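Please read the structure below before turning to the comments.
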Amino acid sequence: MKKIMNKAEDYVDDMLKGIYAAHPHEVTYVNKDLRCFVAKATPGKKGKVGIMSGGGSGHLPLFLGFVGEGILDGAAVGGVFQSPSGKQIYEITKAINNGAGVLYVYGNYNGDILNFEMSTEMAEMDDIETLHTVVAEDVFSSPKGAENKRRGVAGMFFAFKLAGAAAEKMMPLQEVKRIADKTCANMRTVGMALTPCIVPELGKPSFNLAEDEMEIGMGVHGEPGISRTKMAKSDEIVDQMLNPILEDLPYKAGDEVAVLMNSLGATPKDELYIMYKRVDEILKAKKISVYHVYIGEFATSMEMAGSSITLLKLDSELKSLLAAPANSTSFVQMQLG
Amino acid sequence: MKKIMNKAEDYVDDMLKGIYAAHPHEVTYVNKDLRCFVAKATPGKKGKVGIMSGGGSGHLPLFLGFVGEGILDGAAVGGVFQSPSGKQIYEITKAINNGAGVLYVYGNYNGDILNFEMSTEMAEMDDIETLHTVVAEDVFSSPKGAENKRRGVAGMFFAFKLAGAAAEKMMPLQEVKRIADKTCANMRTVGMALTPCIVPELGKPSFNLAEDEMEIGMGVHGEPGISRTKMAKSDEIVDQMLNPILEDLPYKAGDEVAVLMNSLGATPKDELYIMYKRVDEILKAKKISVYHVYIGEFATSMEMAGSSITLLKLDSELKSLLAAPANSTSFVQMQLG
Amino acid sequence: MNLSIDDYKKILLYLAGSMSEHKQELIELDSIMGDSDLGLTMEKAFSVSSKAMQDSTETDIGKFLFQTGMAMSEAAPSSMGTLIASAFMQAGKNLKGKTETAPEDWKLFAVGLRDGIVNRGKAVPGEKTIVDVLVPVAQALENDSSGSHKEIFERLETVAAEALEKTKTMKAQHGRAAYFGDKSIGVQDAGATVAYIIYKSLSNYFKE
Amino acid sequence: MNLSIDDYKKILLYLAGSMSEHKQELIELDSIMGDSDLGLTMEKAFSVSSKAMQDSTETDIGKFLFQTGMAMSEAAPSSMGTLIASAFMQAGKNLKGKTETAPEDWKLFAVGLRDGIVNRGKAVPGEKTIVDVLVPVAQALENDSSGSHKEIFERLETVAAEALEKTKTMKAQHGRAAYFGDKSIGVQDAGATVAYIIYKSLSNYFKE
Ligand SMILES: Nc1ncnc2c1ncn2[C@@H]1O[C@H](COP(=O)(O)OP(=O)(O)O)[C@@H](O)[C@H]1O
Ligand SMILES: Nc1ncnc2c1ncn2[C@@H]1O[C@H](COP(=O)(O)OP(=O)(O)O)[C@@H](O)[C@H]1O
Ligand SMILES: [Mg+2]
Ligand SMILES: [Mg+2]
Ligand SMILES: [Mg+2]
Ligand SMILES: [Mg+2]
């Protein structure tokens with residue numbers, strides 16, 4: 001197994017030690033638990049809603065890299081592809097609560113849901129109000145009509161960004177949740193994978209794809225997709241990914257969107273841009289205009305090769321929140337023009 | 001070959017079309033040549049020195065992703081791992097010259113040197129002054145005493161950043177070159193590779209590394225390193241990389257440095273942070289203080305797995321230039337505190 | 001014969017031993033449509049919590065079980081870890097105030113396991129989860145909680161075994177297995193197997 | 001017999017043909033310590049420029065060769081592409097003003113190839129580069145440029161062949177091969193082979 005690591009069982013904690021060492025002015029932890037990850041500026045502005053996420057490790061920059069100004073206030077860290085505990089979520093909740101309650105924004109995975117709900121129960125004892133926005137935008141993970149069973153993937157970034165911007169504007173908890181939910185309702189993702197990744201403690205790939213195969217719709221933990229086929233040309237791959245996205249919401253002529261082109265890890269930016277060439281062609285043909293394109297690594301699966309496309313339909317409210325500046329260790333944005 | 005692309009021979013041009021489509025307000029090209037890449041705000045401020053780079057494709061975000069405010073004004077784009085032509089460099093030179101001359105900052109590769117020099121000859125005919133800073137900080141690519149034969153690798157980012165900040169401060173050409181040269185003189189890099197990458201038009205890996213092997217000192221195009229060994233633990237790998245860096249300049253107790261932890265592509269941020277844990281331990285033990293850590297993809301080799309560590313020794317001049325804001329498609333920094 | 005805190009400490013250790021024994025079986029079941037961690041997380045949940053609780057000076061059996069659940073949830077925050085933790089916490093709430101328990105108190109325990117998990121996970125019977133074993137077991141005790149510890153668990157072991165078998169016919173609606181849709185039919189549910197192991201072990205414990 | 005622009009057009013096409021023929025050999029040589037592109041870039045440099053120059057209405061042989069070099073540099077901006085381009089540009093400068101050339105003018109040509117590359121690449125003899133063929137060839141003509149085209153190139157072909165052979169004994173100091181240090185000794189230089197191919201082809205051209 002070619003991973004730069006020490007002992008497999010120290011993978012997550014060594015990574016966390018590295019993060020705290022690298023960014024001592026930006027992030028820290030609470031409750032003497034490395035896995036209770038918060039912005040250095042904790043507690044934040046009095047009366048600002050706290051925004052937190054959390055979930056399994058192995059998806060950097062997801063969660064941790066987005067803790068900072070104008071985006072997340074904290075993130076609970078689980079083992080690789082494992083949920084953090086309700087207690088850890090609860091400890092962060094207490095730390096980032098500035099008297100206005102905390103919004104949990106996380107992906108639609110069983111373990112995460114159960115633990116965030118356990119935390120909510122604990123927080124109730126302290127009279128801290130918590131609300132949940134469960135992100136579930138992966139089109140191929142469950143059919144239309146059963147959207148609530150869909151997985152949350154790279155689109156989580158958009159939910160963090162807009163909820164964070166809303167909180168920064170001192171909106172109350174209910175309003176921040178409304179923004180996060182609206183973001184989720186207006187976005188869709190489709191992913192594809194080319195190679196598996198290895199969970200350090202397991203030491204071997206969780207699935208196999210032949211040297212000339214790809215899988216459309218595969219989840220970030222290797223959950224089965226909807227079709228395994230021979231490698232196709234980029235333009236054809238994008239057609240297979242983007243058209244189902246467009247039909248699902250649906251996105252229509254005249255809509256304005258933000259696009260997120262995400263690498264699962266090993267796929268280089270070169271290829272994301274080659275894909276975007278086709279995305280641009282299709283959106284132009286459908287008269288859907290693009291406000292801003294985010295491209296790179298936002299939600300990865302360690303060294304997995306593959307990518308995902310996310311579309312977020314914007315109205316003026318979402319657009320102004322998307323445009324707001326943010327400053328975290330993995331995502332920095334100046335005010336968009 | 002698992003690459004998301006159309007025809008191999010269109011790899012670079014499709015990528016460029018994707019970049020221009022994704023960032024229409026940020027970047028564009030001149031001379032009707034996709035490979036003559038410049039900031040949208042070209043020509044820039046009157047009297048500002050133009051900063052440009054260039055070289056082979058396959059290293060994103062290197063070169064193109066750093067074209068923007070406070071960093072590069074333009075970059076000439078070659079084929080994968082191939083130099084751009086002198087003519088292309090010259091066309092960009094003309095476009096970004098704001099009357100104060102142009103500084104070329106690029107890596108110490110034969111093809112690039114020859115073509116930047118050819119461009120200088122062409123620019124002389126137009127009375128445009130050009131100076132060259134050739135980055136050569138890869139410690140293991142040539143022994144001490146023959147530093148001028150070293151390759152330029154991820155440290156190029158620091159040279160771009162500081163030259164860009166100096167130009168933004170309206171320093172004259174000679175001064176901007178002094179800053180870029182001083183940056184180069186104060187930085188050192190060591191890299192390591194775990195897997196090869198595939199040049200699209202060749203279609204097969206340029207070298208092989210066994211499933212349990214790594215190579216220290218390998219270059220970003222697969223140039224031979226100094227030792228091929230069994231996979232070691234992260235802490236040991238870092239020892240093998242960082243100690244030669246520290247001895248080479250040398251970096252001493254009391255020095256203040258910036259650190260760049262770079263992924264060659266497939267290596268996830270998790271592993272860079274696991275490495276940084278050890279970097280931090282060593283630097284603390286040596287009483288070398290760290291001003292800022294940059295971590296992620298800065299100079300890649302497409303899907304190659306591996307990483308590099310770069311140290312840049314700072315004085316107050318370099319520090320204030322490093323701290324200055326920058327805004328490009330792949331690198332955004334708010335003013336550092 | 002009534003049970004004291006000391007008995008519960010022994011029972012916890014016994015359950016932890018059983019989970020260790022079935023570790024590989026659970027890993028394999030969870031590998032079919034899950035992430036192969038169930039054997040590891042169950043072993044961890046039970047071994048960490050049972051060990052931690054040995055030193056407890058708590059005399060209230062309800063509080064003792066609640067704390068066991070808390071310890072489980074920290075030790076193994078997977079789906080099943082969190083669900084089993086919620087189960088023990090609810091069982092603890094149901095038994096709060098008791099310093100010893102009679103055989104018929106197993107009804108409060110079994111209902112607690114069921115309610116803790118149903119409230120946390122919102123699954124209903126037939127959705128191929130642990131609930132499909134916990135519901136009939138609790139129902140059996142609600143109908144009849146007579147007899148000795150040994151007699152009670154002999155009955156429950158049979159109920160649990162039959163209920164577990166039925167999960168093979170169901171289509172998964174929760175967790176990772178749900179992504180497999182119809183393909184999940186025919187396979188025995190991994191989580192339900194955990195419930196079966198608990199009841200079977202308790203039955204063995206009282207046989208010995 | 002003197003040569004006109006039309007002859008130079010034919011010579012360029014002939015050289016392009018030779019480079020294509022030797023493509024695989026150059027790829028293999030460059031693969032030993034380089035990036036395997038030399039065969040491709042040389043074929044491209046010569047084929048693109050020779051084709052482009054067929055339509056030229058230029059009558060000045062010097063300007064014609066200079067433009068050929070410019071076209072090469074755009075077509076193949078690799079190390080050798082840029083060096084060969086610089087070589088042709090300098091040869092063109094040396095022959096500027098001539099609308100036909102005599103056999104002894106090959107001296108100006110050979111000196112131009114050499115100087116163009118030395119000025120651009122700053123290599124000196126003995127460093128295992130194309131310079132190690134270009135220098136003795138130019139020197140031979142500086143010593144003796146008498147005879148017909150055919151006679152001149154028969155002599156030069158021998159000089160070039162011997163010079164090429166000597167590159168095997170040298171240690172690479174430039175380009176990718178330099179990273180191999182002592183390991184480069186024993187291997188024939190790829191770039192020097194390009195110079196040899198040029199002179200051998202010219203010799204063949206005038207034999208036919
Ligand atoms: N909402 C739910 N309610 C009850 N049981 C559930 C629920 N979701 C999953 N399960 C049970 O959890 C088992 C899987 O547990 P586990 O391996 O811990 O999941 P994961 O590793 O995916 O977090 C399933 O076999 C099922 O019995
Ligand atoms: N500075 C130099 N001066 C003269 N010849 C050089 C120089 N550097 C390299 N060469 C020649 O170039 C050849 C390699 O050319 P090429 O394959 O185009 O290089 P690359 O692909 O590395 O850009 C070498 O064999 C050598 O003969
Ligand atoms: Mg599992
Ligand atoms: Mg799990
Ligand atoms: Mg070459
Ligand atoms: Mg080359």
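Residues are named by chain letter and number: chains run A, B, ... in the order of the structure tokens, numbers start at 1 in each chain, and ligands are numbered from 1 in the order shown.
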
Hey, list the chain A side of the contact with chain C: 6 Å cut-off, only C-alpha atoms, answer as a list in words. Ser83, Pro84, Ser85, Asn110 and Gly111 of chain A

Could you write those residues out with N, CA, C and O atoms, as a PDB file, in the first residue's frame?
ATOM      1  N   SER A  83     -18.162   7.834  10.968  1.00  0.00           N
ATOM      2  CA  SER A  83     -18.742   8.997  11.636  1.00  0.00           C
ATOM      3  C   SER A  83     -17.981   9.356  12.913  1.00  0.00           C
ATOM      4  O   SER A  83     -17.424   8.480  13.572  1.00  0.00           O
ATOM      5  N   PRO A  84     -17.963  10.653  13.242  1.00  0.00           N
ATOM      6  CA  PRO A  84     -17.524  11.037  14.591  1.00  0.00           C
ATOM      7  C   PRO A  84     -18.622  10.654  15.584  1.00  0.00           C
ATOM      8  O   PRO A  84     -19.728  10.305  15.178  1.00  0.00           O
ATOM      9  N   SER A  85     -18.313  10.731  16.863  1.00  0.00           N
ATOM     10  CA  SER A  85     -19.325  10.343  17.856  1.00  0.00           C
ATOM     11  C   SER A  85     -20.223  11.527  18.211  1.00  0.00           C
ATOM     12  O   SER A  85     -19.857  12.687  18.041  1.00  0.00           O
ATOM     13  N   ASN A 110     -26.020   7.339   7.171  1.00  0.00           N
ATOM     14  CA  ASN A 110     -26.616   6.777   8.361  1.00  0.00           C
ATOM     15  C   ASN A 110     -25.865   7.129   9.651  1.00  0.00           C
ATOM     16  O   ASN A 110     -26.429   7.678  10.589  1.00  0.00           O
ATOM     17  N   GLY A 111     -24.571   6.774   9.681  1.00  0.00           N
ATOM     18  CA  GLY A 111     -23.779   6.972  10.888  1.00  0.00           C
ATOM     19  C   GLY A 111     -23.753   8.438  11.293  1.00  0.00           C
ATOM     20  O   GLY A 111     -23.864   8.787  12.472  1.00  0.00           O
TER      21      GLY A 111
END

Residues flagged strand (DSSP E or B) by DSSP in stretch 7-147 of chain A, as a PDB file with C-alpha atoms, in the first residue's frame:
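result.pdb, written as the output of this step:
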ATOM      1  CA  VAL A  27      -7.593  26.233  13.715  1.00  0.00           C
ATOM      2  CA  THR A  28      -7.517  24.424  17.034  1.00  0.00           C
ATOM      3  CA  TYR A  29      -9.470  21.775  18.986  1.00  0.00           C
ATOM      4  CA  CYS A  36     -13.089  18.220  17.975  1.00  0.00           C
ATOM      5  CA  PHE A  37     -11.918  20.664  15.309  1.00  0.00           C
ATOM      6  CA  VAL A  38     -12.838  24.371  15.515  1.00  0.00           C
ATOM      7  CA  ALA A  39     -11.735  27.716  14.105  1.00  0.00           C
ATOM      8  CA  GLY A  50     -22.563  28.545  14.606  1.00  0.00           C
ATOM      9  CA  ILE A  51     -22.161  26.385  11.504  1.00  0.00           C
ATOM     10  CA  MET A  52     -20.667  22.975  11.823  1.00  0.00           C
ATOM     11  CA  SER A  53     -20.204  19.837   9.855  1.00  0.00           C
ATOM     12  CA  GLY A  54     -18.436  16.573  10.350  1.00  0.00           C
ATOM     13  CA  GLY A  55     -18.116  13.064   9.073  1.00  0.00           C
ATOM     14  CA  GLY A  56     -15.545  10.515   8.158  1.00  0.00           C
ATOM     15  CA  SER A  57     -11.936  11.399   7.388  1.00  0.00           C
ATOM     16  CA  VAL A  67     -13.288  25.767   8.869  1.00  0.00           C
ATOM     17  CA  GLY A  68     -12.576  29.486   8.914  1.00  0.00           C
ATOM     18  CA  GLU A  69     -14.127  32.897   8.369  1.00  0.00           C
ATOM     19  CA  LEU A  72     -17.641  26.595   8.910  1.00  0.00           C
ATOM     20  CA  GLY A  74     -16.162  23.662  13.441  1.00  0.00           C
ATOM     21  CA  ALA A  75     -16.136  20.098  12.209  1.00  0.00           C
ATOM     22  CA  ALA A  76     -16.230  16.780  14.028  1.00  0.00           C
ATOM     23  CA  VAL A  77     -13.698  14.323  12.719  1.00  0.00           C
ATOM     24  CA  GLY A  78     -14.352  10.610  12.383  1.00  0.00           C
ATOM     25  CA  GLY A  79     -12.028   7.776  11.421  1.00  0.00           C
ATOM     26  CA  VAL A  80     -11.523   7.218   7.712  1.00  0.00           C
ATOM     27  CA  VAL A 102     -25.888  25.889  15.809  1.00  0.00           C
ATOM     28  CA  LEU A 103     -26.729  24.608  12.341  1.00  0.00           C
ATOM     29  CA  TYR A 104     -25.480  21.139  11.489  1.00  0.00           C
ATOM     30  CA  VAL A 105     -24.771  20.729   7.769  1.00  0.00           C
ATOM     31  CA  TYR A 106     -23.663  17.240   6.816  1.00  0.00           C
ATOM     32  CA  GLY A 107     -24.048  14.464   4.304  1.00  0.00           C
ATOM     33  CA  THR A 130     -29.477  22.863  16.969  1.00  0.00           C
ATOM     34  CA  LEU A 131     -31.022  22.422  13.548  1.00  0.00           C
ATOM     35  CA  HIS A 132     -30.023  19.971  10.834  1.00  0.00           C
ATOM     36  CA  THR A 133     -29.541  20.395   7.105  1.00  0.00           C
ATOM     37  CA  VAL A 134     -28.826  17.005   5.596  1.00  0.00           C
ATOM     38  CA  VAL A 135     -27.181  17.311   2.193  1.00  0.00           C
ATOM     39  CA  ASP A 138     -26.084  12.820  -5.568  1.00  0.00           C
TER      40      ASP A 138
END

Would you list the contacts of B:Lys7 as a PDB file with N, CA, C and O atoms, in the first residue's frame, taking every protein, DNA or RNA residue within 9 Å and counting only C-alpha atoms, but skipping same-chain residues closer than 3 positions in sequence?
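Saved result, part.pdb, follows:
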ATOM      1  N   LYS A 233     -14.590   8.837 -24.118  1.00  0.00           N
ATOM      2  CA  LYS A 233     -13.964  10.149 -24.299  1.00  0.00           C
ATOM      3  C   LYS A 233     -14.568  11.132 -23.308  1.00  0.00           C
ATOM      4  O   LYS A 233     -15.729  11.021 -22.928  1.00  0.00           O
ATOM      5  N   SER A 234     -13.794  12.123 -22.948  1.00  0.00           N
ATOM      6  CA  SER A 234     -14.243  13.112 -21.968  1.00  0.00           C
ATOM      7  C   SER A 234     -15.602  13.706 -22.336  1.00  0.00           C
ATOM      8  O   SER A 234     -16.487  13.808 -21.500  1.00  0.00           O
TER       9      SER A 234
ATOM     10  N   ASP B  10      -5.203  16.440 -28.419  1.00  0.00           N
ATOM     11  CA  ASP B  10      -5.954  17.652 -28.054  1.00  0.00           C
ATOM     12  C   ASP B  10      -5.898  17.940 -26.559  1.00  0.00           C
ATOM     13  O   ASP B  10      -6.546  18.879 -26.086  1.00  0.00           O
ATOM     14  N   TYR B  11      -5.143  17.131 -25.823  1.00  0.00           N
ATOM     15  CA  TYR B  11      -5.123  17.243 -24.362  1.00  0.00           C
ATOM     16  C   TYR B  11      -4.895  18.686 -23.895  1.00  0.00           C
ATOM     17  O   TYR B  11      -5.665  19.229 -23.113  1.00  0.00           O
ATOM     18  N   PRO B 200       0.056  12.013 -22.146  1.00  0.00           N
ATOM     19  CA  PRO B 200      -1.069  11.524 -22.955  1.00  0.00           C
ATOM     20  C   PRO B 200      -0.651  10.997 -24.323  1.00  0.00           C
ATOM     21  O   PRO B 200      -1.097   9.924 -24.729  1.00  0.00           O
ATOM     22  N   GLU B 201       0.228  11.713 -25.021  1.00  0.00           N
ATOM     23  CA  GLU B 201       0.570  11.262 -26.370  1.00  0.00           C
ATOM     24  C   GLU B 201       1.479  10.029 -26.371  1.00  0.00           C
ATOM     25  O   GLU B 201       1.611   9.373 -27.398  1.00  0.00           O
TER      26      GLU B 201
END

Excluding A:Ala232 and residues on its chain fewer than 4 positions from it, collect all residues at most 10 Å away from it, counting only C-alpha atoms, and give them as a list in words. Asp212, Glu213, Met214, Glu236, Ile237 and Val238 of chain A; Lys2, Lys3, Ile4, Met5 and Asn6 of chain B

Near chain B, meaning an atom within 6 Å, which residues of chain A appear when counting only C-alpha atoms? Write them as a PyMOL selection string. chain A and resi 4-6+14-15+17-19+22+233-234+265-266+268+270-271+273-274+276-277+293+302-303+332

Which residues are close to stretch 174-189 of chain A, i.e. within 8 Å by only C-alpha atoms, leaving aside same-chain residues fewer than 5 positions away? Reply as a ChimeraX atom specification. /A:49,103,105,131-133,135-139,153-155,158-160,162-163,166-167,245,248-249,308-314,318

Using Å and a single decimal, report how far atom CA of C:Thr68 sits from atom CA of C:Ser49.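 Atom-to-atom, atom CA of C:Ser49 to atom CA of C:Thr68, that is 5.7 Å.
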
Can you check which residues of stretch 122-257 of chain A DSSP gives as alpha helix (DSSP H) on the backbone and send them as a VMD selection string? chain A and resid 122 to 125 156 to 168 173 to 185 234 to 248

Residues within 8 Å of stretch 138-148 of chain C, please, as a PyMOL selection string. Count only C-alpha atoms; anything in the same chain fewer than 4 positions from it doesn't count. chain C and resi 1+103-104+106-107+110-111+114+134+152+156+159

For atom CA of D:Gln90 and atom CA of D:Ile11, quote the distance in Å rounded to one decimal.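 For atom CA of D:Gln90 relative to atom CA of D:Ile11, the distance reads 17.7 Å.
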
Would you pick out the contacts of D:Gly17 at 12 Å or less, using only C-alpha atoms, so that residues sharing its chain but fewer than 6 positions from it are not included, and give the list as a PDB file with C-alpha atoms, in the first residue's frame?
ATOM      1  CA  LYS D  10      14.370  20.417 -52.756  1.00  0.00           C
ATOM      2  CA  ILE D  11      17.171  20.004 -50.218  1.00  0.00           C
ATOM      3  CA  LYS D  23      12.612   9.016 -36.503  1.00  0.00           C
ATOM      4  CA  MET D  42      12.904  16.605 -35.579  1.00  0.00           C
ATOM      5  CA  GLU D  43      10.418  15.088 -38.002  1.00  0.00           C
ATOM      6  CA  LYS D  44       8.023  17.903 -37.179  1.00  0.00           C
ATOM      7  CA  ALA D  45      10.604  20.690 -37.342  1.00  0.00           C
ATOM      8  CA  PHE D  46      11.782  19.630 -40.804  1.00  0.00           C
ATOM      9  CA  SER D  47       8.495  18.541 -42.304  1.00  0.00           C
ATOM     10  CA  VAL D  48       6.516  21.613 -41.201  1.00  0.00           C
ATOM     11  CA  SER D  50      10.123  22.389 -45.502  1.00  0.00           C
ATOM     12  CA  LYS D  51       6.495  22.268 -46.527  1.00  0.00           C
ATOM     13  CA  ILE D 197      21.957  12.810 -40.201  1.00  0.00           C
ATOM     14  CA  ILE D 198      21.925  16.292 -41.741  1.00  0.00           C
ATOM     15  CA  SER D 201      21.677  13.290 -46.054  1.00  0.00           C
ATOM     16  CA  LEU D 202      23.282  16.222 -47.823  1.00  0.00           C
ATOM     17  CA  ASN D 204      23.371  11.396 -50.284  1.00  0.00           C
ATOM     18  CA  TYR D 205      21.465  14.223 -51.960  1.00  0.00           C
TER      19      TYR D 205
END
